[in-house]
Every structure is written in C-alpha cells, then in structure tokens.
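Below is one structure, written out as structure tokens; the observations come after it.
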Amino acid sequence: MFRKIVEVSSQIPKRDKSTVLAKLTEEIGEIAVEIEIERGNIPASKGGNDGVFGECCDLINVAVDMAWVHCKETQDMSDEQIAELILSYCLRKREKLLESKAWMVNCQEEWEAMCNE
C-alpha cells in the first residue's frame with residue numbers, strides 16, 4: 001500500500017515540510033468539519049463529498065507524503081526504501097497503540113462524560 005502512495009509523492013512538484021504541514025492541517029480541519037456535519041452541528045453543504053472516511057484517507061496520503069519529503073530531505077533513500085521504512089514504523093507504532101488501548105478507552109470515557117455535562 002505504501003509503495004503506491006510513495007510513488008505519487010515522487011510525482012508531486014518539489015515542496016518542503018512546511019508546505020506539507022499546511023496540507024496536513026487542512027485535512028485535519030476537513031475531518032473536523034465532516035464530524036460536525038455528522039453530529040448535526042453544521043449543514044452538509046459546508047462539507048465535501050468524501051465524508052469522514054474519505055478525509056481520513058486524504059490525511060493518510062498527506063502524512064505518508066510528509067514522511068517521504070522528510071526522508072528525501074535528510075537521507076539518500078529510494079522510494080522503495082521509504083515505503084518499507086514507513087511500513088516498518090507503522091507496524092511498530094501499531095503495537096504501541098495496542099499497548100496503550102486502556103489509556104485510549106479512559107480518554108474516550110472522559111470525553112463523553114464532558115460532552116454530556
């Protein structure tokens with residue numbers, strides 16, 4: 001999967017991490033809008049066609065692009081090496097996320113309690 005995303009990164013015109021960071025921030029904002037549409041807090045006309053799921057996919061693509069830009073700026077790596085590195089790190093981070101599952105459940109419960117006050 002990451003190979004295909006990284007292939008796209010190599011075809012995008014030159015950019016730096018600040019430019020990609022701006023795009024990441026934009027995607028997070030679009031996810032927030034779609035969530036608020038689902039919750040009924042803003043009209044659907046304010047959102048796009050992708051919904052939360054599509055915006056999350058956009059965020060993933062841009063996050064992978066950030067990793068690609070970083071690797072190209074700091075290391076001499078091929079697209080294949082970058083894709084393998086991203087996969088390796090994601091799997092490691094996934095394990096850490098699973099270990100912290102109890103923490104995430106507590107945060108969700110606290111968030112829901114605050115929202116229901």
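Each chain in the structure tokens gets a letter, A, B, ..., in the order shown, and its residues are numbered from 1; ligands are numbered from 1 in order too.
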
Which residues, written as number ranges by chain, have at least one atom at most 9 Å from segment 75-80 of chain A, with only C-alpha atoms counted and residues fewer than 2 positions away on the same chain left out?
A: 3, 6-7, 9-10, 68, 70-73, 82-85

Can you check which residues of chain A DSSP gives as alpha helix (DSSP H) on the backbone and send them as a count of residues only?
90

What is the atom CA of Val69 of chain A-atom CA of Lys17 of chain A distance in Å, reported with one decimal?
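These atoms are spaced 6.6 Å apart.
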